[in-house]
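Q: Here you go, run32.cif (mmCIF, C-alpha atoms and all ligand atoms):
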```cif
data_work
loop_
_atom_site.group_PDB
_atom_site.id
_atom_site.type_symbol
_atom_site.label_atom_id
_atom_site.label_comp_id
_atom_site.auth_asym_id
_atom_site.auth_seq_id
_atom_site.Cartn_x
_atom_site.Cartn_y
_atom_site.Cartn_z
ATOM 1 C CA MET A 263 100.811 108.417 82.212
ATOM 2 C CA THR A 264 102.587 106.220 84.245
ATOM 3 C CA GLN A 265 102.753 107.826 87.355
ATOM 4 C CA ARG A 266 105.254 108.607 89.700
ATOM 5 C CA GLY A 267 102.561 110.559 91.263
ATOM 6 C CA ASP A 268 102.967 114.047 90.292
ATOM 7 C CA ILE A 269 100.364 116.068 91.953
ATOM 8 C CA ASP A 270 101.176 119.489 90.921
ATOM 9 C CA ASP A 271 102.378 120.394 87.501
ATOM 10 C CA ILE A 272 101.379 117.496 85.429
ATOM 11 C CA ASP A 273 98.830 114.830 85.524
ATOM 12 C CA SER A 274 100.576 111.550 85.703
ATOM 13 C CA PHE A 275 100.319 107.815 85.526
ATOM 14 C CA HIS A 276 102.080 105.008 87.332
ATOM 15 C CA PRO A 277 103.420 102.292 85.132
ATOM 16 C CA ALA A 278 103.496 98.636 85.856
ATOM 17 C CA GLY A 279 105.119 97.673 89.075
ATOM 18 C CA CYS A 280 104.747 101.044 90.699
ATOM 19 C CA ARG A 281 101.972 100.054 93.014
ATOM 20 C CA GLY A 282 101.911 101.712 96.293
ATOM 21 C CA HIS A 283 104.034 99.874 98.738
ATOM 22 C CA ARG A 284 104.840 102.105 101.622
ATOM 23 C CA ASN A 285 108.497 102.320 100.746
ATOM 24 C CA GLN A 286 107.502 103.830 97.447
ATOM 25 C CA GLN A 287 105.582 106.628 99.028
ATOM 26 C CA ARG A 288 108.227 109.288 99.094
ATOM 27 C CA TYR A 289 108.143 112.401 97.051
ATOM 28 C CA ARG A 290 110.353 114.904 95.484
ATOM 29 C CA ARG A 291 109.118 118.249 94.377
ATOM 30 C CA SER A 292 110.759 120.459 91.847
ATOM 31 C CA ARG A 293 108.711 123.532 91.157
ATOM 32 C CA GLY A 294 105.239 122.424 90.646
ATOM 33 C CA THR A 295 106.012 118.791 90.173
ATOM 34 C CA THR A 296 106.010 116.098 92.778
ATOM 35 C CA PHE A 297 106.973 112.567 91.926
ATOM 36 C CA LEU A 298 106.693 109.417 93.914
ATOM 37 C CA ARG A 299 110.036 107.800 94.468
ATOM 38 C CA PRO A 300 111.649 105.390 94.195
ATOM 39 C CA GLY A 301 109.954 103.260 91.609
ATOM 40 C CA PRO A 302 109.958 102.532 87.941
ATOM 41 C CA PRO A 303 109.832 105.372 85.463
ATOM 42 C CA GLY A 304 106.625 107.297 85.091
ATOM 43 C CA VAL A 305 105.142 109.523 82.456
ATOM 44 C CA GLY A 306 104.072 113.064 83.196
ATOM 45 C CA ARG A 307 102.052 115.117 80.794
ATOM 46 C CA ASP A 308 101.777 118.839 80.574
ATOM 47 C CA PHE A 309 101.390 121.393 77.848
ATOM 48 C CA ASN A 310 104.350 123.292 79.206
ATOM 49 C CA PRO A 311 107.573 121.989 77.595
ATOM 50 C CA ALA A 312 109.461 123.079 80.739
ATOM 51 C CA GLY A 313 107.955 120.001 82.374
ATOM 52 C CA LYS A 314 110.265 117.791 80.325
ATOM 53 C CA ALA A 315 113.407 118.703 82.237
ATOM 54 C CA LYS A 316 111.602 118.306 85.545
ATOM 55 C CA ALA A 317 110.214 114.906 84.656
ATOM 56 C CA GLU A 318 113.509 113.620 83.304
ATOM 57 C CA GLY A 319 115.309 115.033 86.335
ATOM 58 C CA VAL A 320 113.511 112.518 88.522
ATOM 59 C CA GLY A 321 113.757 109.651 86.063
ATOM 60 C CA ALA A 322 110.270 110.000 84.604
ATOM 61 C CA ALA A 323 109.296 110.286 80.971
ATOM 62 C CA PHE A 324 107.516 113.373 79.674
ATOM 63 C CA PHE A 325 104.689 113.594 77.175
ATOM 64 C CA GLU A 326 103.762 117.050 75.976
ATOM 65 C CA ALA A 327 99.996 117.393 75.668
ATOM 66 C CA ASP A 328 97.314 120.048 75.813
ATOM 67 C CA LEU A 329 94.688 118.293 77.880
ATOM 68 C CA THR A 330 91.887 120.490 76.555
ATOM 69 C CA ASP A 331 92.301 118.357 73.428
ATOM 70 C CA GLY A 332 90.494 115.035 73.891
ATOM 71 C CA GLU A 333 92.667 113.273 71.335
ATOM 72 C CA ALA A 334 95.762 114.380 73.235
ATOM 73 C CA CYS A 335 94.350 112.861 76.439
ATOM 74 C CA LYS A 336 93.881 109.531 74.692
ATOM 75 C CA ALA A 337 97.308 109.712 73.046
ATOM 76 C CA ALA A 338 98.973 110.377 76.405
ATOM 77 C CA VAL A 339 97.513 107.213 77.903
ATOM 78 C CA ALA A 340 98.340 105.202 74.779
ATOM 79 C CA GLU A 341 101.931 106.382 75.052
ATOM 80 C CA ALA A 342 102.140 105.349 78.710
ATOM 81 C CA ILE A 343 100.823 101.884 77.924
ATOM 82 C CA LYS A 344 103.182 101.584 74.957
ATOM 83 C CA ARG A 345 106.162 102.452 77.127
ATOM 84 C CA PHE A 346 105.282 100.566 80.292
ATOM 85 C CA GLY A 347 102.672 97.960 79.407
ATOM 86 C CA ARG A 348 99.999 99.152 81.806
ATOM 87 C CA VAL A 349 98.810 101.957 84.050
ATOM 88 C CA ASP A 350 98.271 101.531 87.776
ATOM 89 C CA ILE A 351 97.682 105.059 89.015
ATOM 90 C CA LEU A 352 96.193 108.171 87.450
ATOM 91 C CA VAL A 353 96.479 111.560 89.134
ATOM 92 C CA ASN A 354 94.334 114.235 87.532
ATOM 93 C CA ASN A 355 95.996 117.462 88.504
ATOM 94 C CA ALA A 356 96.237 120.035 85.706
ATOM 95 C CA GLY A 357 94.263 123.177 86.391
ATOM 96 C CA ILE A 358 93.919 126.853 85.640
ATOM 97 C CA GLN A 359 91.956 129.708 87.146
ATOM 98 C CA HIS A 360 90.136 132.728 85.772
ATOM 99 C CA VAL A 361 88.654 135.321 88.101
ATOM 100 C CA SER A 362 85.770 137.359 86.735
ATOM 101 C CA PRO A 363 82.125 137.981 87.698
ATOM 102 C CA ILE A 364 79.594 135.784 85.873
ATOM 103 C CA GLU A 365 78.262 138.794 83.961
ATOM 104 C CA GLU A 366 81.656 139.361 82.354
ATOM 105 C CA PHE A 367 83.002 135.802 82.302
ATOM 106 C CA PRO A 368 84.255 134.985 78.760
ATOM 107 C CA GLU A 369 82.536 131.951 77.245
ATOM 108 C CA ALA A 370 85.818 130.749 75.742
ATOM 109 C CA LYS A 371 87.457 130.775 79.176
ATOM 110 C CA TRP A 372 84.513 128.857 80.663
ATOM 111 C CA ARG A 373 84.852 126.190 77.972
ATOM 112 C CA GLN A 374 88.627 125.955 78.395
ATOM 113 C CA ILE A 375 88.315 125.431 82.157
ATOM 114 C CA ILE A 376 85.577 122.807 81.846
ATOM 115 C CA ASP A 377 87.508 120.995 79.098
ATOM 116 C CA LEU A 378 90.737 120.921 81.100
ATOM 117 C CA MET A 379 89.419 120.312 84.592
ATOM 118 C CA LEU A 380 86.364 118.108 84.059
ATOM 119 C CA THR A 381 86.325 116.633 80.553
ATOM 120 C CA ALA A 382 90.040 115.723 80.541
ATOM 121 C CA PRO A 383 89.834 113.856 83.891
ATOM 122 C CA PHE A 384 86.840 111.956 82.480
ATOM 123 C CA LEU A 385 88.617 111.066 79.226
ATOM 124 C CA LEU A 386 91.798 110.063 81.040
ATOM 125 C CA THR A 387 89.832 107.924 83.494
ATOM 126 C CA GLN A 388 88.070 106.291 80.567
ATOM 127 C CA ALA A 389 91.366 105.667 78.779
ATOM 128 C CA VAL A 390 93.208 104.097 81.743
ATOM 129 C CA TRP A 391 90.228 102.015 82.838
ATOM 130 C CA PRO A 392 90.798 98.917 80.632
ATOM 131 C CA SER A 393 94.372 98.550 81.853
ATOM 132 C CA MET A 394 93.374 98.888 85.513
ATOM 133 C CA ARG A 395 90.443 96.500 85.072
ATOM 134 C CA GLU A 396 92.603 93.871 83.365
ATOM 135 C CA ASN A 397 95.094 94.063 86.226
ATOM 136 C CA GLY A 398 92.418 94.108 88.913
ATOM 137 C CA TRP A 399 94.105 97.093 90.543
ATOM 138 C CA GLY A 400 93.931 100.823 89.981
ATOM 139 C CA ARG A 401 94.089 104.132 91.775
ATOM 140 C CA ILE A 402 92.466 107.305 90.448
ATOM 141 C CA ILE A 403 93.231 110.437 92.424
ATOM 142 C CA ASN A 404 91.538 113.667 91.445
ATOM 143 C CA ILE A 405 93.018 116.903 92.695
ATOM 144 C CA ALA A 406 89.832 118.884 93.289
ATOM 145 C CA SER A 407 89.636 121.830 95.695
ATOM 146 C CA VAL A 408 87.808 123.161 98.699
ATOM 147 C CA HIS A 409 85.947 124.902 95.887
ATOM 148 C CA ALA A 410 84.372 121.526 95.133
ATOM 149 C CA GLN A 411 82.318 122.043 98.312
ATOM 150 C CA VAL A 412 82.006 125.804 98.715
ATOM 151 C CA ALA A 413 81.872 128.723 96.295
ATOM 152 C CA SER A 414 83.632 132.068 96.128
ATOM 153 C CA PRO A 415 82.699 135.007 93.906
ATOM 154 C CA GLY A 416 84.407 135.374 90.545
ATOM 155 C CA LYS A 417 85.309 131.707 89.994
ATOM 156 C CA SER A 418 82.206 130.257 88.371
ATOM 157 C CA ALA A 419 83.977 127.973 85.873
ATOM 158 C CA TYR A 420 86.600 126.667 88.308
ATOM 159 C CA ILE A 421 84.013 125.979 91.000
ATOM 160 C CA SER A 422 81.657 124.286 88.553
ATOM 161 C CA ALA A 423 84.460 122.061 87.246
ATOM 162 C CA LYS A 424 85.597 121.115 90.753
ATOM 163 C CA HIS A 425 82.068 120.332 91.928
ATOM 164 C CA GLY A 426 81.713 118.134 88.835
ATOM 165 C CA MET A 427 84.951 116.373 89.656
ATOM 166 C CA ILE A 428 83.432 115.105 92.905
ATOM 167 C CA GLY A 429 80.577 113.565 90.932
ATOM 168 C CA LEU A 430 83.059 111.926 88.565
ATOM 169 C CA THR A 431 85.072 110.600 91.517
ATOM 170 C CA ARG A 432 82.033 109.069 93.193
ATOM 171 C CA THR A 433 80.799 107.477 89.973
ATOM 172 C CA ALA A 434 84.231 105.992 89.237
ATOM 173 C CA ALA A 435 84.346 104.650 92.802
ATOM 174 C CA LEU A 436 81.016 102.851 92.373
ATOM 175 C CA GLU A 437 81.915 101.439 88.962
ATOM 176 C CA GLY A 438 85.426 100.452 90.016
ATOM 177 C CA GLY A 439 84.598 98.795 93.325
ATOM 178 C CA ALA A 440 84.237 95.294 91.922
ATOM 179 C CA GLN A 441 87.296 95.707 89.695
ATOM 180 C CA GLY A 442 89.924 96.696 92.246
ATOM 181 C CA ILE A 443 89.872 100.328 91.121
ATOM 182 C CA THR A 444 89.515 103.063 93.735
ATOM 183 C CA ALA A 445 88.789 106.738 93.063
ATOM 184 C CA ASN A 446 89.248 109.551 95.548
ATOM 185 C CA ALA A 447 89.388 113.340 95.490
ATOM 186 C CA ILE A 448 91.665 115.678 97.418
ATOM 187 C CA LEU A 449 90.218 119.076 98.311
ATOM 188 C CA PRO A 450 92.886 121.593 99.251
ATOM 189 C CA ALA A 451 92.447 125.196 100.312
ATOM 190 C CA TYR A 452 95.125 127.630 99.072
ATOM 191 C CA VAL A 453 98.451 125.934 98.332
ATOM 192 C CA LYS A 454 101.682 127.815 97.675
ATOM 193 C CA THR A 455 101.926 127.361 93.895
ATOM 194 C CA PRO A 456 102.070 129.575 90.807
ATOM 195 C CA LEU A 457 98.324 129.130 90.336
ATOM 196 C CA VAL A 458 97.768 131.023 93.587
ATOM 197 C CA ASP A 459 100.515 133.579 92.932
ATOM 198 C CA ASN A 460 98.839 134.424 89.650
ATOM 199 C CA GLN A 461 95.412 135.040 91.124
ATOM 200 C CA ILE A 462 96.457 137.280 94.014
ATOM 201 C CA ALA A 463 96.788 140.233 91.648
ATOM 202 C CA ASP A 464 93.475 139.414 89.939
ATOM 203 C CA GLN A 465 91.672 139.215 93.255
ATOM 204 C CA ALA A 466 93.308 142.435 94.473
ATOM 205 C CA LYS A 467 91.889 144.176 91.429
ATOM 206 C CA MET A 468 88.467 142.598 91.792
ATOM 207 C CA HIS A 469 88.142 143.373 95.515
ATOM 208 C CA GLY A 470 89.986 146.728 95.367
ATOM 209 C CA MET A 471 92.555 145.557 97.917
ATOM 210 C CA ALA A 472 96.317 145.366 98.350
ATOM 211 C CA GLU A 473 97.777 141.931 97.554
ATOM 212 C CA GLN A 474 98.682 141.171 101.178
ATOM 213 C CA GLU A 475 95.120 142.008 102.174
ATOM 214 C CA VAL A 476 93.885 139.490 99.601
ATOM 215 C CA ILE A 477 95.951 136.737 101.234
ATOM 216 C CA GLU A 478 94.877 137.613 104.774
ATOM 217 C CA GLN A 479 91.292 138.760 104.272
ATOM 218 C CA VAL A 480 90.155 136.728 101.264
ATOM 219 C CA MET A 481 92.259 133.585 100.936
ATOM 220 C CA LEU A 482 92.641 132.906 104.652
ATOM 221 C CA LYS A 483 89.382 134.488 105.764
ATOM 222 C CA ASN A 484 87.666 131.155 106.439
ATOM 223 C CA ALA A 485 90.777 129.265 107.525
ATOM 224 C CA ALA A 486 91.155 128.150 111.140
ATOM 225 C CA ILE A 487 94.888 127.710 110.473
ATOM 226 C CA LYS A 488 96.161 131.011 109.063
ATOM 227 C CA ARG A 489 98.771 129.960 106.536
ATOM 228 C CA LEU A 490 99.037 128.691 102.978
ATOM 229 C CA ILE A 491 99.473 124.932 102.446
ATOM 230 C CA GLU A 492 102.780 123.445 101.246
ATOM 231 C CA PRO A 493 102.565 121.268 98.109
ATOM 232 C CA GLU A 494 104.287 118.438 99.983
ATOM 233 C CA GLU A 495 101.326 118.258 102.345
ATOM 234 C CA ILE A 496 99.117 117.362 99.383
ATOM 235 C CA ALA A 497 101.694 114.950 97.949
ATOM 236 C CA GLU A 498 101.752 112.914 101.138
ATOM 237 C CA LEU A 499 98.033 112.213 100.840
ATOM 238 C CA VAL A 500 98.432 111.297 97.171
ATOM 239 C CA GLY A 501 100.976 108.720 98.324
ATOM 240 C CA TYR A 502 98.617 107.214 100.864
ATOM 241 C CA LEU A 503 95.726 107.051 98.412
ATOM 242 C CA SER A 504 98.038 105.364 95.870
ATOM 243 C CA SER A 505 99.027 102.657 98.311
ATOM 244 C CA ASP A 506 97.762 99.135 98.883
ATOM 245 C CA LEU A 507 96.812 100.235 102.401
ATOM 246 C CA ALA A 508 94.189 102.583 100.941
ATOM 247 C CA GLY A 509 92.382 99.710 99.224
ATOM 248 C CA ALA A 510 89.270 100.174 101.380
ATOM 249 C CA VAL A 511 89.060 103.908 100.717
ATOM 250 C CA THR A 512 87.048 105.004 97.715
ATOM 251 C CA GLY A 513 84.574 107.657 96.646
ATOM 252 C CA ALA A 514 85.839 109.932 99.391
ATOM 253 C CA SER A 515 86.570 113.651 99.429
ATOM 254 C CA TRP A 516 89.696 114.392 101.436
ATOM 255 C CA ASN A 517 89.828 117.946 102.697
ATOM 256 C CA ILE A 518 93.177 119.571 103.378
ATOM 257 C CA ASP A 519 91.596 122.949 103.891
ATOM 258 C CA LEU A 520 93.009 124.508 107.058
ATOM 259 C CA GLY A 521 89.622 124.024 108.717
ATOM 260 C CA TRP A 522 87.799 126.133 106.117
ATOM 261 C CA THR A 523 84.795 123.769 105.879
ATOM 262 C CA ALA A 524 84.656 123.012 109.605
ATOM 263 C CA GLN A 525 82.351 125.965 110.206
HETATM 264 N N1 LIG A 601 97.226 126.080 94.453
HETATM 265 C C1 LIG A 601 96.102 125.999 95.144
HETATM 266 O O1 LIG A 601 95.842 126.789 96.063
HETATM 267 C C2 LIG A 601 95.099 124.930 94.840
HETATM 268 C C3 LIG A 601 94.038 124.742 95.726
HETATM 269 C C4 LIG A 601 93.104 123.765 95.457
HETATM 270 C C5 LIG A 601 93.231 122.983 94.340
HETATM 271 N N2 LIG A 601 94.269 123.191 93.479
HETATM 272 C C6 LIG A 601 94.345 122.353 92.293
HETATM 273 O O2 LIG A 601 95.599 121.733 92.229
HETATM 274 C C7 LIG A 601 95.913 121.459 90.858
HETATM 275 C C8 LIG A 601 97.309 121.947 90.569
HETATM 276 O O3 LIG A 601 97.312 123.368 90.692
HETATM 277 P P1 LIG A 601 98.616 124.201 91.054
HETATM 278 O O4 LIG A 601 98.252 125.102 92.151
HETATM 279 O O5 LIG A 601 99.784 123.316 91.200
HETATM 280 O O6 LIG A 601 98.746 125.091 89.753
HETATM 281 P P2 LIG A 601 100.005 125.355 88.787
HETATM 282 O O7 LIG A 601 99.609 126.492 87.914
HETATM 283 O O8 LIG A 601 101.247 125.448 89.558
HETATM 284 O O9 LIG A 601 100.053 124.013 87.958
HETATM 285 C C9 LIG A 601 99.039 123.695 87.025
HETATM 286 C C10 LIG A 601 99.668 122.872 85.927
HETATM 287 O O10 LIG A 601 98.667 122.571 84.956
HETATM 288 C C11 LIG A 601 99.290 122.645 83.691
HETATM 289 N N3 LIG A 601 98.310 122.923 82.662
HETATM 290 C C12 LIG A 601 97.555 124.046 82.534
HETATM 291 N N4 LIG A 601 96.821 123.956 81.413
HETATM 292 C C13 LIG A 601 97.115 122.765 80.824
HETATM 293 C C14 LIG A 601 96.684 122.119 79.638
HETATM 294 N N5 LIG A 601 95.780 122.681 78.821
HETATM 295 N N6 LIG A 601 97.195 120.898 79.359
HETATM 296 C C15 LIG A 601 98.101 120.335 80.171
HETATM 297 N N7 LIG A 601 98.569 120.890 81.301
HETATM 298 C C16 LIG A 601 98.064 122.115 81.622
HETATM 299 C C17 LIG A 601 100.263 123.834 83.811
HETATM 300 O O11 LIG A 601 101.262 123.786 82.823
HETATM 301 C C18 LIG A 601 100.815 123.598 85.207
HETATM 302 O O12 LIG A 601 101.937 122.768 85.143
HETATM 303 C C19 LIG A 601 94.843 122.158 90.026
HETATM 304 O O13 LIG A 601 93.877 121.236 89.599
HETATM 305 C C20 LIG A 601 94.222 123.135 90.999
HETATM 306 O O14 LIG A 601 92.902 123.466 90.693
HETATM 307 C C21 LIG A 601 95.208 124.134 93.705
#
```
What's the structure tokens form of this structure?

A:
Amino acid sequence: MTQRGDIDDIDSFHPAGCRGHRNQQRYRRSRGTTFLRPGPPGVGRDFNPAGKAKAEGVGAAFFEADLTDGEACKAAVAEAIKRFGRVDILVNNAGIQHVSPIEEFPEAKWRQIIDLMLTAPFLLTQAVWPSMRENGWGRIINIASVHAQVASPGKSAYISAKHGMIGLTRTAALEGGAQGITANAILPAYVKTPLVDNQIADQAKMHGMAEQEVIEQVMLKNAAIKRLIEPEEIAELVGYLSSDLAGAVTGASWNIDLGWTAQ
């Protein structure tokens, strides 16, 4: 998709001309969706039709797609190129969670999570690659997680997908180095989004705790800074990694994890 760099609700692509000059690195967030601004129109993709109003509200185009469907991934990129001529920036962001011990983890849920959070970023990277290579410039930004470096009980599929995303990022960085394409991953700890809201209740049930105890004793247990992260704090790093100034940065894992992995 052409991005105006949504980092939260929808994976997105930057169209032609939206390369990262510093004055383009400003964001606007409307629930779950953060777009770079100003800049030419972008395309966001999500399987939630509610994303359409959000995207159009900030001057971006919207393409409805279920990213667990490989053909839909390819069609989304084709649509972006049809509309804007090329793709400069890809942000792989869509994600879901399912909390369950391995013994009880449903196979269908495992496959859905791997399809959405590892196979779709691969297929989207593959689909945008020719455009970035032809232009000699590209930015791939993968929204991974602190769970790409550490594990927690009950999240086997999510953690496996996020660990895999680091491997994909590093491989893309090596292959893209000579072609002007960079690839980086951002690894946040808990961010204030619906994805976290939805799992507090699940974790409370799994750990036999009250929901507030889950936030304080589970989610923030390993955090040096005892608060949840604001989505804007992630968006700012997406902006930097999308910029010309980040041209020497590739294959890196950028932790925004409240000090979780410092121990
Ligand atoms: N919130 C956190 O604490 C946190 C921490 C680390 C990493 N992350 C990562 O950040 C990314 C964004 O998560 P979030 O917290 O904003 O969650 P969110 O639930 O607010 O947003 C996820 C988005 O993905 C979309 N999506 C889900 N399934 C899809 C599908 N099959 N096809 C297309 N779109 C689909 C949803 O519609 C939603 O807009 C995810 O990759 C997540 O793993 C989040």

Q: Using only C-alpha atoms and all ligand atoms, find each residue in chain A having at least one atom no more than 7 Å away from ligand LIG 601 (chain A); report its shortest atom-to-atom pair and that distance in Å (one decimal), rows by chain then rising number, as a tab-separated table.

A:
```
residue	atom	partner	partner_atom	distance
A:Ile269	CA	A:LIG601	C8	6.8
A:Asp270	CA	A:LIG601	O5	4.1
A:Asp271	CA	A:LIG601	O12	3.4
A:Ile272	CA	A:LIG601	O12	5.3
A:Gly294	CA	A:LIG601	O8	5.1
A:Arg307	CA	A:LIG601	C15	6.6
A:Asp308	CA	A:LIG601	N7	3.9
A:Phe309	CA	A:LIG601	C15	4.2
A:Asn310	CA	A:LIG601	O11	4.8
A:Ala327	CA	A:LIG601	C15	5.7
A:Asp328	CA	A:LIG601	N6	3.6
A:Leu329	CA	A:LIG601	N6	3.9
A:Thr330	CA	A:LIG601	N5	5.0
A:Asn355	CA	A:LIG601	O13	4.5
A:Ala356	CA	A:LIG601	O10	3.6
A:Gly357	CA	A:LIG601	O13	3.8
A:Ile358	CA	A:LIG601	C12	5.5
A:Leu378	CA	A:LIG601	N5	5.8
A:Met379	CA	A:LIG601	O13	6.8
A:Ile405	CA	A:LIG601	O13	5.4
A:Ala406	CA	A:LIG601	C5	5.4
A:Ser407	CA	A:LIG601	C4	4.0
A:Val408	CA	A:LIG601	C4	6.2
A:Leu449	CA	A:LIG601	C4	6.2
A:Pro450	CA	A:LIG601	C4	4.4
A:Ala451	CA	A:LIG601	C3	4.9
A:Tyr452	CA	A:LIG601	O1	3.2
A:Val453	CA	A:LIG601	O1	3.6
A:Lys454	CA	A:LIG601	N1	5.8
A:Thr455	CA	A:LIG601	O4	4.7
A:Pro456	CA	A:LIG601	O8	4.4
A:Leu457	CA	A:LIG601	O7	3.8
A:Val458	CA	A:LIG601	N1	5.0
```

Q: Could you dump the residues just selected with C-alpha atoms as a tab-separated table (two decimals), in the coordinates of the input?

A:
```tsv
chain	number	residue	atom	x	y	z
A	269	ILE	CA	100.36	116.07	91.95
A	270	ASP	CA	101.18	119.49	90.92
A	271	ASP	CA	102.38	120.39	87.50
A	272	ILE	CA	101.38	117.50	85.43
A	294	GLY	CA	105.24	122.42	90.65
A	307	ARG	CA	102.05	115.12	80.79
A	308	ASP	CA	101.78	118.84	80.57
A	309	PHE	CA	101.39	121.39	77.85
A	310	ASN	CA	104.35	123.29	79.21
A	327	ALA	CA	100.00	117.39	75.67
A	328	ASP	CA	97.31	120.05	75.81
A	329	LEU	CA	94.69	118.29	77.88
A	330	THR	CA	91.89	120.49	76.56
A	355	ASN	CA	96.00	117.46	88.50
A	356	ALA	CA	96.24	120.04	85.71
A	357	GLY	CA	94.26	123.18	86.39
A	358	ILE	CA	93.92	126.85	85.64
A	378	LEU	CA	90.74	120.92	81.10
A	379	MET	CA	89.42	120.31	84.59
A	405	ILE	CA	93.02	116.90	92.70
A	406	ALA	CA	89.83	118.88	93.29
A	407	SER	CA	89.64	121.83	95.70
A	408	VAL	CA	87.81	123.16	98.70
A	449	LEU	CA	90.22	119.08	98.31
A	450	PRO	CA	92.89	121.59	99.25
A	451	ALA	CA	92.45	125.20	100.31
A	452	TYR	CA	95.12	127.63	99.07
A	453	VAL	CA	98.45	125.93	98.33
A	454	LYS	CA	101.68	127.82	97.68
A	455	THR	CA	101.93	127.36	93.90
A	456	PRO	CA	102.07	129.57	90.81
A	457	LEU	CA	98.32	129.13	90.34
A	458	VAL	CA	97.77	131.02	93.59
```

Q: Find the residues near A:Tyr420: any atom within 10 Å, counting only C-alpha atoms, skip ones fewer than 5 places away on the same chain, and give them as a compact mmCIF listing (two decimals) with C-alpha atoms, in the coordinates of the input.

A:
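Result file follows (part_8.txt):
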```txt
# COMPACT_ATOMS: atom_id res chain seq x y z
CA GLY A 357 94.26 123.18 86.39
CA ILE A 358 93.92 126.85 85.64
CA GLN A 359 91.96 129.71 87.15
CA HIS A 360 90.14 132.73 85.77
CA VAL A 361 88.65 135.32 88.10
CA TRP A 372 84.51 128.86 80.66
CA ILE A 375 88.32 125.43 82.16
CA ILE A 376 85.58 122.81 81.85
CA MET A 379 89.42 120.31 84.59
CA LEU A 380 86.36 118.11 84.06
CA ALA A 406 89.83 118.88 93.29
CA SER A 407 89.64 121.83 95.70
CA HIS A 409 85.95 124.90 95.89
CA ALA A 410 84.37 121.53 95.13
CA ALA A 413 81.87 128.72 96.30
CA SER A 414 83.63 132.07 96.13
CA HIS A 425 82.07 120.33 91.93
CA GLY A 426 81.71 118.13 88.84
```

Q: Within 10 Å of A:Pro392, counting only C-alpha atoms, which residues show up once you throw out same-chain ones fewer than 5 positions away? Write them as a PyMOL selection string, please.

A: chain A and resi 348-349+387+397-398

Q: Expressed in Å to a single decimal, how great is the separation between atom CA of A:Arg489 and atom CA of A:Asn446?

A: 25.1 Å

Q: Which residue gives the smallest distance to A:Ile351 among A:Gly332, A:Gly313, A:Pro368, A:Gly501, with all atoms listed in the file counted?

A: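 Closest to A:Ile351, using all atoms listed in the file: A:Gly501.
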
Q: Can you find the residues with an atom no farther than 10 Å from (85.1, 130.7, 104.9), counting only C-alpha atoms, and report them as a list of chain:residue names?

A: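 Final list of nearby residues, as requested, is A:Val412, A:Ala413, A:Ser414, A:Val480, A:Met481, A:Leu482, A:Lys483, A:Asn484, A:Ala485, A:Ala486, A:Gly521, A:Trp522, A:Thr523, A:Ala524, A:Gln525.
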
Q: If we count only C-alpha atoms, what is near A:Val511 at a cut-off of 12 Å, once residues fewer than 5 positions away on the same chain are taken out, given as a VMD selection string?

A: chain A and resid 401 to 403 432 435 to 436 438 to 439 442 to 447 502 to 506 516

Q: Could you name the residues that touch A:Pro415 at 10 Å or less, counting all atoms listed in the file, but leaving out those on the same chain fewer than 6 positions away, as a ChimeraX atom specification?

A: /A:361-364,421,465,468

Q: Using atom CA of A:Ala334 and atom CA of A:Arg373 as the two end points, give the distance in Å to one decimal.

A: 16.8 Å

Q: By how many Å are atom CA of A:Lys314 and atom CA of A:Glu326 apart?

A: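 Going from atom CA of A:Lys314 over to atom CA of A:Glu326 covers 7.9 Å.
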
Q: A:Ala423, A:Leu386, A:Ile487, A:Ile448: which is nearest A:Ala338, counting all atoms listed in the file?

A: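 When distances to A:Ala338 are compared using all atoms listed in the file, the smallest one comes from A:Leu386.
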
Q: Taking the file as shown, find all residues satisfying the PyMOL selection byres (((chain A and resi 336) around 9) and not hetatm) and write them as number ranges by chain.

A: A: 332-335, 337-341, 385-386, 388-390

Q: Nearest residue to A:Glu366 out of A:Gly400, A:Gly416, A:Gly347, A:Pro493, using all atoms listed in the file?

A: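 Comparing A:Gly400, A:Gly416, A:Gly347, A:Pro493 against A:Glu366, the winner is A:Gly416.
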